[in-house]
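Asker: I'd like to ask you about the structure that follows.
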Amino acid sequence: MKTIHMTSHIDLKELFRFYNCSMNSLVNIQIGYDARVYILLSTHIPERIQGMFVDTKANTEYSAIRLSVDWESGEVVHHELLEFGTHKMNFHFIQPIGENILLLGARCRYYENPGPEKNAVIVDVMGNVVKEFCLGDGIQDCIVTDSGDIITSYFDEGVFGNFGWEQPIGSCGLIVWSQNGEIKWQADADICDCYALNIDEKNHVWYYYYTDFNLVKTDLNRDVVYKPKKQNDGFSLFLIAKDGRTIIHDGGYNKHFDFFAETIEGEQLKGYGGVDFVYNGISLLNKMCSFRSSRVVFVDSQNRLFVKDVVTIV
């Protein structure tokens with residue numbers, strides 16, 4: 001069993017109490033290109049339609065707690081509340097884009113008139129809308145690069161169509177957009193569902209998809225295809241250690257709260273073993289986890305938030 005030692009934490013309940021926020025307002029936690037942690041909050045999270053489908057509209061107030069952290073010590077250096085005001089769309093992702101903020105909804109409907117809903121809204125840090133556009137329905141994940149490119153991956157409904165889409169924008173499974181919402185690149189793979197997405201230190205795009213269960217690294221010109229261990233088919237997130245020698249991913253179908261490591265040797269994955277996140281000698285139980293490049297934000301069952309830049313694992 002490999003071990004990742006977490007060295008410090010912040011109590012999410014205390015942080016939320018400081019800003020007079022409810023724990024029920026938590027939508028998502030993501031890491032930005034600026035190495036800060038963004039905690040997306042909503043005053044009202046809509047119930048699922050028929051208990052299954054995510055509604056596209058929320059008509060609620062959004063805000064975010066932004067954390068500046070020391071990725072080596074795991075300590076929070078500074079935190080602040082960003083208030084974005086009321087928005088119609090039901091947002092699920094938050095990413096800094098330049099000096100502004102991208103708020104993105106996973107779902108959007110297509111109407112003949114007036115056209116598709118604009119599920120991507122760029123606001124300034126005061127909440128003023130800078131621009132709005134559509135990035136398609138069925139978005140699984142979103143990353144914004146330091147140059148402002150927006151990377152979106154799509155799950156099956158975004159690939160094959162629902163919510164009025166006969167020709168889904170996300171039919172290719174993975175798209176790189178300009179910050180103005182123009183397509184710059186699309187994946188050329190048989191993607192039915194893009195399960196997981198990341199970028200490395202050199203901004204190579206990495207993605208893992210169904211049905212081939214391939215893990216692909218691309219510089220948008222050349223692809224390197226890896227075959228992870230079959231016993232972890234269906235993993236939903238992964239990181240690339242900073243030394244470039246290890247992939248850490250969740251356990252796949254029915255094992256998303258467990259983690260495993262595979263060693264990168266050239267253009268193959270070799271070696272295999274479990275990974276344990278540990279604090280003060282005790283294994284942490286994963287409640288929520290977010291990866292970007294080699295960085296991880298980990299929330300345990302006690303609502304303690306840990307951060308770590310995984311350089312290597314031993």
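Chain labels follow the order of the structure tokens: the first chain is A, the next B, and so on; residue numbering restarts at 1 in every chain, and ligands are counted from 1 in their shown order.
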I'd like the contact shell of stretch 71-75 of chain A - 10 Å cut-off, only C-alpha atoms, skipping same-chain residues fewer than 2 positions apart - returned as a list in words.
Answerer: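 Contacts, with the query itself left out: Met6, Thr7, Ser8, His9, Ile10, Ala35, Arg36, Leu67, Ser68, Val69, Val77, His78, Arg295, Val296, Val297, Leu305, Phe306, Val307, Lys308, Asp309, Val310 and Val311 of chain A.
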Asker: Hey, what's within 9 Å of stretch 169-186 of chain A if we count only C-alpha atoms and toss same-chain stuff fewer than 4 positions away? As a ChimeraX atom specification, please?
Answerer: /A:97,120,131-139,144,147-161,165,190-194,207,209,220
Asker: How would the residues just picked look written out with C-alpha atoms as a short mmCIF file (atom, residue, chain, number, x, y, z; two decimals), in the first residue's frame?
Answerer:
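Contents of selection_37.cif, as written:
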```cif
data_model
loop_
_atom_site.label_atom_id
_atom_site.label_comp_id
_atom_site.auth_asym_id
_atom_site.auth_seq_id
_atom_site.Cartn_x
_atom_site.Cartn_y
_atom_site.Cartn_z
CA ILE A 97 -10.31 32.40 -16.48
CA ALA A 120 -21.32 29.18 -19.68
CA LYS A 131 -19.96 37.23 -21.59
CA GLU A 132 -22.28 34.25 -22.01
CA PHE A 133 -22.25 31.35 -24.49
CA CYS A 134 -23.14 27.69 -24.87
CA LEU A 135 -20.66 24.85 -24.34
CA GLY A 136 -23.16 22.06 -24.93
CA ASP A 137 -25.19 19.67 -22.82
CA GLY A 138 -24.02 16.73 -20.73
CA ILE A 139 -20.74 18.18 -19.44
CA VAL A 144 -9.51 26.19 -17.79
CA SER A 147 -3.85 30.67 -21.35
CA GLY A 148 -7.64 30.83 -21.03
CA ASP A 149 -8.56 27.75 -23.06
CA ILE A 150 -11.64 25.93 -21.76
CA ILE A 151 -11.57 22.11 -21.83
CA THR A 152 -14.91 20.31 -21.52
CA SER A 153 -15.58 16.57 -21.39
CA TYR A 154 -19.00 15.00 -21.95
CA PHE A 155 -20.95 12.07 -20.53
CA ASP A 156 -23.26 9.89 -22.62
CA GLU A 157 -26.24 12.27 -22.76
CA GLY A 158 -23.94 15.02 -24.03
CA VAL A 159 -22.47 12.67 -26.64
CA PHE A 160 -25.70 11.08 -27.94
CA GLY A 161 -28.20 13.82 -27.19
CA TRP A 165 -30.31 18.11 -28.92
CA ASP A 190 -14.66 6.57 -30.05
CA ILE A 191 -15.85 8.27 -26.86
CA CYS A 192 -19.28 7.26 -25.58
CA ASP A 193 -18.66 8.72 -22.13
CA CYS A 194 -15.57 10.68 -21.06
CA TYR A 207 -8.61 11.86 -20.56
CA TYR A 209 -13.15 7.19 -21.64
CA LEU A 220 -3.54 18.16 -29.38
#
```
Asker: As a ChimeraX atom specification, please: every residue in stretch 31-252 of chain A that a backbone DSSP assignment puts in alpha helix (DSSP H).
Answerer: /A:156-160
Asker: Atoms to include: all heavy atoms. Write the selected residues as a CSV table (one decimal), in the first residue's frame.
Answerer:
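Contents of result31.csv, freshly written:
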```csv
chain,number,residue,atom,x,y,z
A,156,ASP,N,-22.5,10.5,-21.5
A,156,ASP,CA,-23.3,9.9,-22.6
A,156,ASP,C,-24.4,10.8,-23.2
A,156,ASP,O,-24.6,10.8,-24.4
A,156,ASP,CB,-23.8,8.5,-22.3
A,156,ASP,CG,-24.6,8.4,-21.0
A,156,ASP,OD1,-24.7,9.5,-20.3
A,156,ASP,OD2,-25.0,7.3,-20.6
A,157,GLU,N,-25.1,11.4,-22.3
A,157,GLU,CA,-26.2,12.3,-22.8
A,157,GLU,C,-25.7,13.5,-23.6
A,157,GLU,O,-26.4,14.0,-24.5
A,157,GLU,CB,-27.1,12.7,-21.6
A,157,GLU,CG,-27.9,11.6,-21.0
A,157,GLU,CD,-28.9,12.1,-20.0
A,157,GLU,OE1,-29.7,13.0,-20.3
A,157,GLU,OE2,-28.9,11.6,-18.8
A,158,GLY,N,-24.5,13.9,-23.2
A,158,GLY,CA,-23.9,15.0,-24.0
A,158,GLY,C,-23.4,14.5,-25.3
A,158,GLY,O,-23.3,15.3,-26.3
A,159,VAL,N,-23.0,13.3,-25.4
A,159,VAL,CA,-22.5,12.7,-26.6
A,159,VAL,C,-23.6,12.3,-27.6
A,159,VAL,O,-23.5,12.6,-28.8
A,159,VAL,CB,-21.6,11.4,-26.3
A,159,VAL,CG1,-21.2,10.7,-27.6
A,159,VAL,CG2,-20.4,11.9,-25.5
A,160,PHE,N,-24.6,11.6,-27.1
A,160,PHE,CA,-25.7,11.1,-27.9
A,160,PHE,C,-26.9,11.9,-28.0
A,160,PHE,O,-27.8,11.8,-28.9
A,160,PHE,CB,-26.1,9.7,-27.5
A,160,PHE,CG,-24.9,8.7,-27.5
A,160,PHE,CD1,-24.3,8.3,-26.4
A,160,PHE,CD2,-24.5,8.3,-28.8
A,160,PHE,CE1,-23.2,7.4,-26.5
A,160,PHE,CE2,-23.4,7.4,-28.9
A,160,PHE,CZ,-22.8,6.9,-27.7
```
Asker: Which neighbours of stretch 21-32 of chain A fall inside 7 Å, counting only C-alpha atoms, when residues of the same chain fewer than 5 positions from it are skipped, and could you give them as a list in words?
Answerer: Lys13, Phe16, Val37, Tyr38, Ile39, Leu40, Leu41, Ser42, Thr43, His44, His92, Phe93, Ile94, Gln95, Pro96, Ser290 and Arg292 of chain A
Asker: Would you kindly return, as an mmCIF file with N, CA, C and O atoms, in the first residue's frame, each protein, DNA or RNA residue with an atom no farther than 12 Å from any atom of A:Ile240, considering only C-alpha atoms and excluding same-chain residues fewer than 3 positions away?
Answerer:
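File produced: out18.cif:
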```cif
data_model
loop_
_atom_site.group_PDB
_atom_site.id
_atom_site.type_symbol
_atom_site.label_atom_id
_atom_site.label_comp_id
_atom_site.auth_asym_id
_atom_site.auth_seq_id
_atom_site.Cartn_x
_atom_site.Cartn_y
_atom_site.Cartn_z
ATOM 1 N N LEU A 197 -10.901 13.552 -16.588
ATOM 2 C CA LEU A 197 -10.146 14.564 -17.329
ATOM 3 C C LEU A 197 -9.109 15.197 -16.419
ATOM 4 O O LEU A 197 -9.357 15.426 -15.238
ATOM 5 N N ASN A 198 -7.933 15.508 -16.974
ATOM 6 C CA ASN A 198 -6.914 16.254 -16.236
ATOM 7 C C ASN A 198 -5.942 16.870 -17.237
ATOM 8 O O ASN A 198 -6.012 16.593 -18.443
ATOM 9 N N ILE A 199 -5.056 17.717 -16.733
ATOM 10 C CA ILE A 199 -3.940 18.237 -17.522
ATOM 11 C C ILE A 199 -2.687 18.098 -16.673
ATOM 12 O O ILE A 199 -2.753 18.084 -15.442
ATOM 13 N N ASP A 200 -1.521 17.992 -17.329
ATOM 14 C CA ASP A 200 -0.286 17.861 -16.567
ATOM 15 C C ASP A 200 0.445 19.191 -16.495
ATOM 16 O O ASP A 200 -0.082 20.242 -16.902
ATOM 17 N N GLU A 201 1.669 19.159 -15.970
ATOM 18 C CA GLU A 201 2.445 20.382 -15.759
ATOM 19 C C GLU A 201 2.746 21.122 -17.062
ATOM 20 O O GLU A 201 2.971 22.329 -17.058
ATOM 21 N N LYS A 202 2.739 20.400 -18.182
ATOM 22 C CA LYS A 202 3.025 21.008 -19.487
ATOM 23 C C LYS A 202 1.760 21.271 -20.286
ATOM 24 O O LYS A 202 1.820 21.537 -21.482
ATOM 25 N N ASN A 203 0.618 21.215 -19.623
ATOM 26 C CA ASN A 203 -0.689 21.449 -20.236
ATOM 27 C C ASN A 203 -1.063 20.416 -21.286
ATOM 28 O O ASN A 203 -1.894 20.680 -22.162
ATOM 29 N N HIS A 204 -0.447 19.205 -21.224
ATOM 30 C CA HIS A 204 -0.979 18.109 -22.016
ATOM 31 C C HIS A 204 -2.340 17.732 -21.455
ATOM 32 O O HIS A 204 -2.523 17.691 -20.235
ATOM 33 N N VAL A 205 -3.287 17.456 -22.324
ATOM 34 C CA VAL A 205 -4.609 17.026 -21.903
ATOM 35 C C VAL A 205 -4.600 15.509 -21.733
ATOM 36 O O VAL A 205 -4.135 14.778 -22.603
ATOM 37 N N TRP A 206 -5.111 15.047 -20.598
ATOM 38 C CA TRP A 206 -5.255 13.620 -20.322
ATOM 39 C C TRP A 206 -6.738 13.322 -20.141
ATOM 40 O O TRP A 206 -7.442 14.069 -19.462
ATOM 41 N N TYR A 207 -7.215 12.233 -20.756
ATOM 42 C CA TYR A 207 -8.613 11.865 -20.560
ATOM 43 C C TYR A 207 -8.778 10.351 -20.609
ATOM 44 O O TYR A 207 -7.993 9.638 -21.234
ATOM 45 N N LEU A 215 -6.739 5.444 -21.425
ATOM 46 C CA LEU A 215 -6.268 6.698 -20.850
ATOM 47 C C LEU A 215 -5.362 7.337 -21.889
ATOM 48 O O LEU A 215 -4.361 6.747 -22.289
ATOM 49 N N LYS A 217 -3.102 10.626 -23.384
ATOM 50 C CA LYS A 217 -2.363 11.874 -23.179
ATOM 51 C C LYS A 217 -2.164 12.507 -24.548
ATOM 52 O O LYS A 217 -1.700 11.842 -25.483
ATOM 53 N N LEU A 237 -11.765 9.961 -11.708
ATOM 54 C CA LEU A 237 -10.794 11.035 -11.566
ATOM 55 C C LEU A 237 -9.406 10.454 -11.364
ATOM 56 O O LEU A 237 -9.253 9.320 -10.908
ATOM 57 N N ASP A 243 6.396 14.211 -10.498
ATOM 58 C CA ASP A 243 7.599 13.615 -11.087
ATOM 59 C C ASP A 243 7.313 12.947 -12.426
ATOM 60 O O ASP A 243 8.238 12.470 -13.104
ATOM 61 N N GLY A 244 6.021 12.904 -12.823
ATOM 62 C CA GLY A 244 5.645 12.342 -14.115
ATOM 63 C C GLY A 244 5.747 10.836 -14.206
ATOM 64 O O GLY A 244 5.643 10.271 -15.296
ATOM 65 N N ARG A 245 5.886 10.158 -13.049
ATOM 66 C CA ARG A 245 6.108 8.713 -13.087
ATOM 67 C C ARG A 245 4.931 7.902 -12.547
ATOM 68 O O ARG A 245 4.971 6.677 -12.601
ATOM 69 N N THR A 246 3.902 8.587 -12.048
ATOM 70 C CA THR A 246 2.814 7.851 -11.416
ATOM 71 C C THR A 246 1.457 8.465 -11.743
ATOM 72 O O THR A 246 1.302 9.692 -11.745
ATOM 73 N N ILE A 247 0.479 7.593 -12.027
ATOM 74 C CA ILE A 247 -0.922 7.967 -12.136
ATOM 75 C C ILE A 247 -1.640 7.452 -10.888
ATOM 76 O O ILE A 247 -1.467 6.297 -10.497
ATOM 77 N N ILE A 248 -2.429 8.306 -10.253
ATOM 78 C CA ILE A 248 -3.263 7.886 -9.126
ATOM 79 C C ILE A 248 -4.717 8.104 -9.531
ATOM 80 O O ILE A 248 -5.081 9.198 -9.977
ATOM 81 N N HIS A 249 -5.534 7.066 -9.417
ATOM 82 C CA HIS A 249 -6.938 7.181 -9.806
ATOM 83 C C HIS A 249 -7.814 6.466 -8.788
ATOM 84 O O HIS A 249 -7.334 5.690 -7.955
ATOM 85 N N ALA A 261 -2.589 3.305 -7.610
ATOM 86 C CA ALA A 261 -1.506 3.938 -8.371
ATOM 87 C C ALA A 261 -0.991 2.982 -9.436
ATOM 88 O O ALA A 261 -0.924 1.770 -9.225
ATOM 89 N N GLU A 262 -0.624 3.558 -10.580
ATOM 90 C CA GLU A 262 0.044 2.814 -11.646
ATOM 91 C C GLU A 262 1.258 3.620 -12.093
ATOM 92 O O GLU A 262 1.222 4.857 -12.143
ATOM 93 N N THR A 263 2.327 2.914 -12.426
ATOM 94 C CA THR A 263 3.599 3.550 -12.778
ATOM 95 C C THR A 263 3.691 3.758 -14.284
ATOM 96 O O THR A 263 3.394 2.848 -15.072
ATOM 97 N N ILE A 264 4.111 4.960 -14.688
ATOM 98 C CA ILE A 264 4.295 5.274 -16.102
ATOM 99 C C ILE A 264 5.711 4.897 -16.513
ATOM 100 O O ILE A 264 6.685 5.415 -15.952
ATOM 101 N N PHE A 291 -9.043 16.673 -8.275
ATOM 102 C CA PHE A 291 -7.658 16.642 -8.744
ATOM 103 C C PHE A 291 -7.453 17.674 -9.859
ATOM 104 O O PHE A 291 -8.352 17.921 -10.662
ATOM 105 N N ARG A 292 -6.273 18.248 -9.902
ATOM 106 C CA ARG A 292 -5.841 19.020 -11.067
ATOM 107 C C ARG A 292 -4.341 18.866 -11.181
ATOM 108 O O ARG A 292 -3.603 19.214 -10.252
ATOM 109 N N SER A 293 -3.879 18.343 -12.320
ATOM 110 C CA SER A 293 -2.469 18.074 -12.528
ATOM 111 C C SER A 293 -1.990 17.151 -11.411
ATOM 112 O O SER A 293 -2.500 16.057 -11.254
ATOM 113 N N SER A 294 -1.037 17.615 -10.574
ATOM 114 C CA SER A 294 -0.533 16.789 -9.478
ATOM 115 C C SER A 294 -1.145 17.185 -8.131
ATOM 116 O O SER A 294 -0.771 16.648 -7.094
ATOM 117 N N ARG A 295 -2.082 18.110 -8.145
ATOM 118 C CA ARG A 295 -2.651 18.635 -6.908
ATOM 119 C C ARG A 295 -3.976 17.954 -6.570
ATOM 120 O O ARG A 295 -4.758 17.608 -7.450
ATOM 121 N N VAL A 296 -4.215 17.818 -5.269
ATOM 122 C CA VAL A 296 -5.440 17.189 -4.799
ATOM 123 C C VAL A 296 -6.059 18.022 -3.680
ATOM 124 O O VAL A 296 -5.353 18.552 -2.821
ATOM 125 N N ASP A 309 0.179 18.746 -2.963
ATOM 126 C CA ASP A 309 0.785 18.618 -4.271
ATOM 127 C C ASP A 309 1.590 17.319 -4.241
ATOM 128 O O ASP A 309 2.580 17.209 -3.511
ATOM 129 N N VAL A 310 1.129 16.331 -4.999
ATOM 130 C CA VAL A 310 1.747 15.008 -4.953
ATOM 131 C C VAL A 310 2.952 14.988 -5.889
ATOM 132 O O VAL A 310 2.808 14.875 -7.109
ATOM 133 N N VAL A 311 4.136 15.119 -5.316
ATOM 134 C CA VAL A 311 5.372 15.134 -6.102
ATOM 135 C C VAL A 311 5.728 13.715 -6.530
ATOM 136 O O VAL A 311 6.049 13.448 -7.689
ATOM 137 N N THR A 312 5.685 12.799 -5.598
ATOM 138 C CA THR A 312 5.936 11.385 -5.851
ATOM 139 C C THR A 312 5.230 10.602 -4.752
ATOM 140 O O THR A 312 4.732 11.183 -3.790
ATOM 141 N N ILE A 313 5.156 9.291 -4.870
ATOM 142 C CA ILE A 313 4.595 8.503 -3.781
ATOM 143 C C ILE A 313 5.568 7.376 -3.426
ATOM 144 O O ILE A 313 6.318 6.896 -4.280
#
```
Asker: When you draw a straight line from atom CA of A:Asn59 to atom CA of A:Asn90, how long is it in Å?
Answerer: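 Between atom CA of A:Asn59 and atom CA of A:Asn90 the gap works out to 7.4 Å.
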Asker: For A:Asn214, work out the shell of residues within 10 Å, counting only C-alpha atoms and skipping chain neighbours fewer than 5 positions away, then give it as a list in words.
Answerer: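 Residues meeting the cut-off are Ala189, Ile191, Tyr207, Tyr208, Tyr209, Val224, Val225, Tyr226, Lys227, Pro228 and Asp233 of chain A.
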Asker: Which residues come within 6 Å of A:Gly252, counting only C-alpha atoms, excluding same-chain residues fewer than 6 positions away, as a list of chain:residue names?
Answerer: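 That gives A:Asn232, A:Asp233, A:Gly234, A:Phe235.
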Asker: Taking the DSSP secondary structure from the backbone, can you list the residues of stretch 111-291 of chain A that are strand (DSSP E), as a PyMOL selection string?
Answerer: chain A and resi 120-123+129-133+139-144+150-154+174-177+183-186+193-199+205-210+214-218+223-226+238-240+246-250+259-265+268-279+282-283+286-291
